[in-house]
Amino acid sequence: MSLPIKFRPILLFFILGTVATALTFVALAYQASLIPSSRLINPDELVKILQSAKGEKPLMIQVGSHVLYTQAHIPGSEYIGPGSSESGLQSLRKRVESLPRKTFIVLYCGCCPWNHCPNVKPADDALHAMGFTNVKVLYIPGNFGMDWVEKGYPVAKGD
Amino acid sequence: MKNSTVRGLALIVVVAGFYFAIRRHAVLTGVGGRGISALAPDFSLPDLTGQELDLSSYRGKVVLLDFWATWCDSCRDEIPHFVELQNKYGDQGLQIIGVSMDDGPEPVREFYQRFKMNYPVVMGNAKIGELYGGVLGLPIAFLIGRDGRITAKHIGATDISVLEKEIVRQLRDKTESRSPGS
């Protein structure tokens, strides 16, 4: 059975459109942009929580590069290893495995612009797979330097 | 215009839209931005073969200092372009130097071979990051003129055509004999 010639451009359009969409999803599969907005926390929100005398303080985990962490990180946060690597994810799982699943955890990286961060989404996925229900990912649109350090938020250096 | 032509154009627009949506935007800090015109801080770091690389030994050349990491996809995207630029302008005085911000050299060595990199790469650390004003996001590239001064700083994925124009402009500048302190 052959398709009438007038329908062929339409078919071609849908095939190419589907391929383009599929490729886009593949490209974005590991990207932070796929994390639901309900699981994000903005820098100013986090700072308010940290500075407030009341309320639960989160366990903050940096899931990016150690060299970047050493230069600047959120005071009190822990370096665990890049979420894009299996060793980093193993360290993350090991760090939190004994914690109650309702523990307030904030993950952050800031290595790269949000849509290109390879680390936060795998780390977020790993914690959710373990059953953690109160995980937030710090939304850093540009990088940690621009969106945290240069905004004047608290910073610590070193290991 | 035929319907099929319109649909074809629409498809091109959609595909182009997806493409640009997933490309990271580049932020260019032009002349006058922080660190521009300052003398590039000197450093000595081991390259992937263990030999010390001194930035000062490249004085007189135009240096593109690229802070990158193997896990940074925008950094990876730039590498083939940098290899091409080094091939194209190396004999005119361009020297690209990579500063890897990976946590260890193993993935960098593997990457270096796989991408047939043709310029030296040193392993960076927090100290060099701080020397250059804090490398708290990748990639970051500094263009350094023949006189050792920083002429441009690119934060994020760089538009290679813009970078190439800047490099050509610097290569044409024969003021390498100008005193760094002047």
# chains A, B, ... in the order shown; residues from 1 in each chain; ligands from 1
call {"tool": "select_by_dssp", "arguments": {"residues": "chain A", "states": "alpha helix (DSSP H)", "output": "MDAnalysis selection string"}}
result
chainID A and resid 8:28 43:51 66:71 86:96 120:129 144
call {"tool": "interface_residues", "arguments": {"of": "chain B", "to": "chain A", "cutoff": "6 Å", "atoms": "only C-alpha atoms", "output": "list of chain:residue names"}}
result
B:Ser4, B:Asn125, B:Ala126, B:Leu136, B:Gly137, B:Leu138
call {"tool": "residues_around", "arguments": {"residues": "Asn42 in chain A", "least_positions_apart": "3", "cutoff": "8 Å", "atoms": "only C-alpha atoms", "output": "mmCIF file with C-alpha atoms, in the first residue's frame"}}
result
data_model
loop_
_atom_site.group_PDB
_atom_site.id
_atom_site.type_symbol
_atom_site.label_atom_id
_atom_site.label_comp_id
_atom_site.auth_asym_id
_atom_site.auth_seq_id
_atom_site.Cartn_x
_atom_site.Cartn_y
_atom_site.Cartn_z
ATOM 1 C CA GLU A 45 15.127 30.574 50.109
ATOM 2 C CA LEU A 46 17.986 28.379 51.278
ATOM 3 C CA LEU A 138 19.495 24.181 44.731
ATOM 4 C CA TYR A 139 18.600 26.027 41.560
ATOM 5 C CA ILE A 140 21.780 27.643 40.252
#
call {"tool": "residues_around", "arguments": {"residues": "Leu45 in chain B", "least_positions_apart": "2", "cutoff": "7 Å", "atoms": "only C-alpha atoms", "output": "ChimeraX atom specification"}}
result
/B:43,47,52-54,122-123
call {"tool": "atom_distance", "arguments": {"atom1": "CA of Gly60 in chain B", "atom2": "CA of Asp147 in chain B"}}
result
6.2 Å
call {"tool": "residues_around", "arguments": {"residues": "Lys165 in chain B", "least_positions_apart": "4", "cutoff": "12 Å", "atoms": "only C-alpha atoms", "output": "list of chain:residue names"}}
result
B:Leu85, B:Tyr89, B:Leu143, B:Ala152, B:Asp159, B:Ile160, B:Ser161, B:Arg169, B:Gln170, B:Leu171, B:Arg172
call {"tool": "write_last_selection", "arguments": {"atoms": "N, CA and C atoms", "output": "mmCIF file, in the first residue's frame"}}
result
data_model
loop_
_atom_site.group_PDB
_atom_site.id
_atom_site.type_symbol
_atom_site.label_atom_id
_atom_site.label_comp_id
_atom_site.auth_asym_id
_atom_site.auth_seq_id
_atom_site.Cartn_x
_atom_site.Cartn_y
_atom_site.Cartn_z
ATOM 1 N N LEU B 85 41.775 25.293 16.175
ATOM 2 C CA LEU B 85 42.402 26.617 16.290
ATOM 3 C C LEU B 85 43.911 26.491 16.500
ATOM 4 N N TYR B 89 46.406 28.221 13.888
ATOM 5 C CA TYR B 89 47.131 29.442 14.260
ATOM 6 C C TYR B 89 48.398 29.197 15.082
ATOM 7 N N LEU B 143 41.793 34.852 27.337
ATOM 8 C CA LEU B 143 42.693 35.104 26.215
ATOM 9 C C LEU B 143 43.775 36.065 26.704
ATOM 10 N N ALA B 152 40.593 39.075 27.215
ATOM 11 C CA ALA B 152 39.172 38.696 27.220
ATOM 12 C C ALA B 152 38.962 37.533 28.165
ATOM 13 N N ASP B 159 31.336 31.248 21.888
ATOM 14 C CA ASP B 159 31.063 31.308 20.449
ATOM 15 C C ASP B 159 32.435 31.288 19.759
ATOM 16 N N ILE B 160 32.728 30.184 19.112
ATOM 17 C CA ILE B 160 34.074 29.993 18.566
ATOM 18 C C ILE B 160 34.424 31.061 17.528
ATOM 19 N N SER B 161 33.429 31.515 16.766
ATOM 20 C CA SER B 161 33.734 32.525 15.748
ATOM 21 C C SER B 161 34.166 33.839 16.408
ATOM 22 N N ARG B 169 42.923 38.977 16.129
ATOM 23 C CA ARG B 169 43.268 40.358 16.486
ATOM 24 C C ARG B 169 44.524 40.383 17.353
ATOM 25 N N GLN B 170 44.591 39.482 18.310
ATOM 26 C CA GLN B 170 45.769 39.435 19.188
ATOM 27 C C GLN B 170 47.018 38.976 18.448
ATOM 28 N N LEU B 171 46.840 38.044 17.529
ATOM 29 C CA LEU B 171 48.003 37.561 16.775
ATOM 30 C C LEU B 171 48.602 38.671 15.913
ATOM 31 N N ARG B 172 47.729 39.564 15.462
ATOM 32 C CA ARG B 172 48.211 40.670 14.626
ATOM 33 C C ARG B 172 48.927 41.729 15.451
#
call {"tool": "atom_distance", "arguments": {"atom1": "CA of Leu55 in chain B", "atom2": "CA of Ile155 in chain B"}}
result
20.6 Å
call {"tool": "atom_distance", "arguments": {"atom1": "CA of Phe82 in chain B", "atom2": "CA of Lys127 in chain B"}}
result
24.6 Å
call {"tool": "closest_residue", "arguments": {"among": "B:Pro46, B:Gly124, B:Gly98, B:Gly90", "to": "Leu64 in chain B", "atoms": "only C-alpha atoms"}}
result
B:Gly98
call {"tool": "closest_residue", "arguments": {"among": "B:Trp68, B:Asp91, B:Val108, B:Arg59", "to": "Pro41 in chain B", "atoms": "only C-alpha atoms"}}
result
B:Arg59
call {"tool": "residues_around", "arguments": {"residues": "Ile105 in chain A", "least_positions_apart": "3", "cutoff": "9 Å", "atoms": "only C-alpha atoms", "output": "PyMOL selection string"}}
result
chain A and resi 57-61+102+132+134-137
call {"tool": "residues_around", "arguments": {"residues": "Ala69 in chain B", "least_positions_apart": "6", "cutoff": "8 Å", "atoms": "only C-alpha atoms", "output": "ChimeraX atom specification"}}
result
/B:75-76,100-102,108,138-139
call {"tool": "write_last_selection", "arguments": {"atoms": "N, CA and C atoms", "output": "PDB file, in the first residue's frame"}}
result
ATOM      1  N   CYS B  75      32.375  22.036  27.903  1.00  0.00           N
ATOM      2  CA  CYS B  75      33.836  22.018  27.760  1.00  0.00           C
ATOM      3  C   CYS B  75      34.223  21.022  26.674  1.00  0.00           C
ATOM      4  N   ARG B  76      33.618  19.859  26.742  1.00  0.00           N
ATOM      5  CA  ARG B  76      33.946  18.811  25.760  1.00  0.00           C
ATOM      6  C   ARG B  76      33.625  19.270  24.346  1.00  0.00           C
ATOM      7  N   SER B 100      42.788  21.493  33.511  1.00  0.00           N
ATOM      8  CA  SER B 100      41.703  20.586  33.878  1.00  0.00           C
ATOM      9  C   SER B 100      41.339  20.765  35.348  1.00  0.00           C
ATOM     10  N   MET B 101      40.053  20.886  35.602  1.00  0.00           N
ATOM     11  CA  MET B 101      39.582  20.990  36.982  1.00  0.00           C
ATOM     12  C   MET B 101      38.980  19.661  37.442  1.00  0.00           C
ATOM     13  N   ASP B 102      39.335  18.598  36.723  1.00  0.00           N
ATOM     14  CA  ASP B 102      38.932  17.260  37.178  1.00  0.00           C
ATOM     15  C   ASP B 102      39.593  16.963  38.512  1.00  0.00           C
ATOM     16  N   VAL B 108      41.384  12.555  32.416  1.00  0.00           N
ATOM     17  CA  VAL B 108      41.917  13.592  31.522  1.00  0.00           C
ATOM     18  C   VAL B 108      42.867  12.968  30.500  1.00  0.00           C
ATOM     19  N   LEU B 138      32.253  26.151  34.908  1.00  0.00           N
ATOM     20  CA  LEU B 138      33.044  25.786  33.732  1.00  0.00           C
ATOM     21  C   LEU B 138      32.177  25.810  32.476  1.00  0.00           C
ATOM     22  N   PRO B 139      32.798  25.996  31.319  1.00  0.00           N
ATOM     23  CA  PRO B 139      34.185  26.380  31.135  1.00  0.00           C
ATOM     24  C   PRO B 139      34.393  27.882  31.344  1.00  0.00           C
TER      25      PRO B 139
END
call {"tool": "closest_residue", "arguments": {"among": "A:Thr133, A:Ser77, A:Gln90, A:Ser37", "to": "Phe104 in chain A", "atoms": "only C-alpha atoms"}}
result
A:Thr133
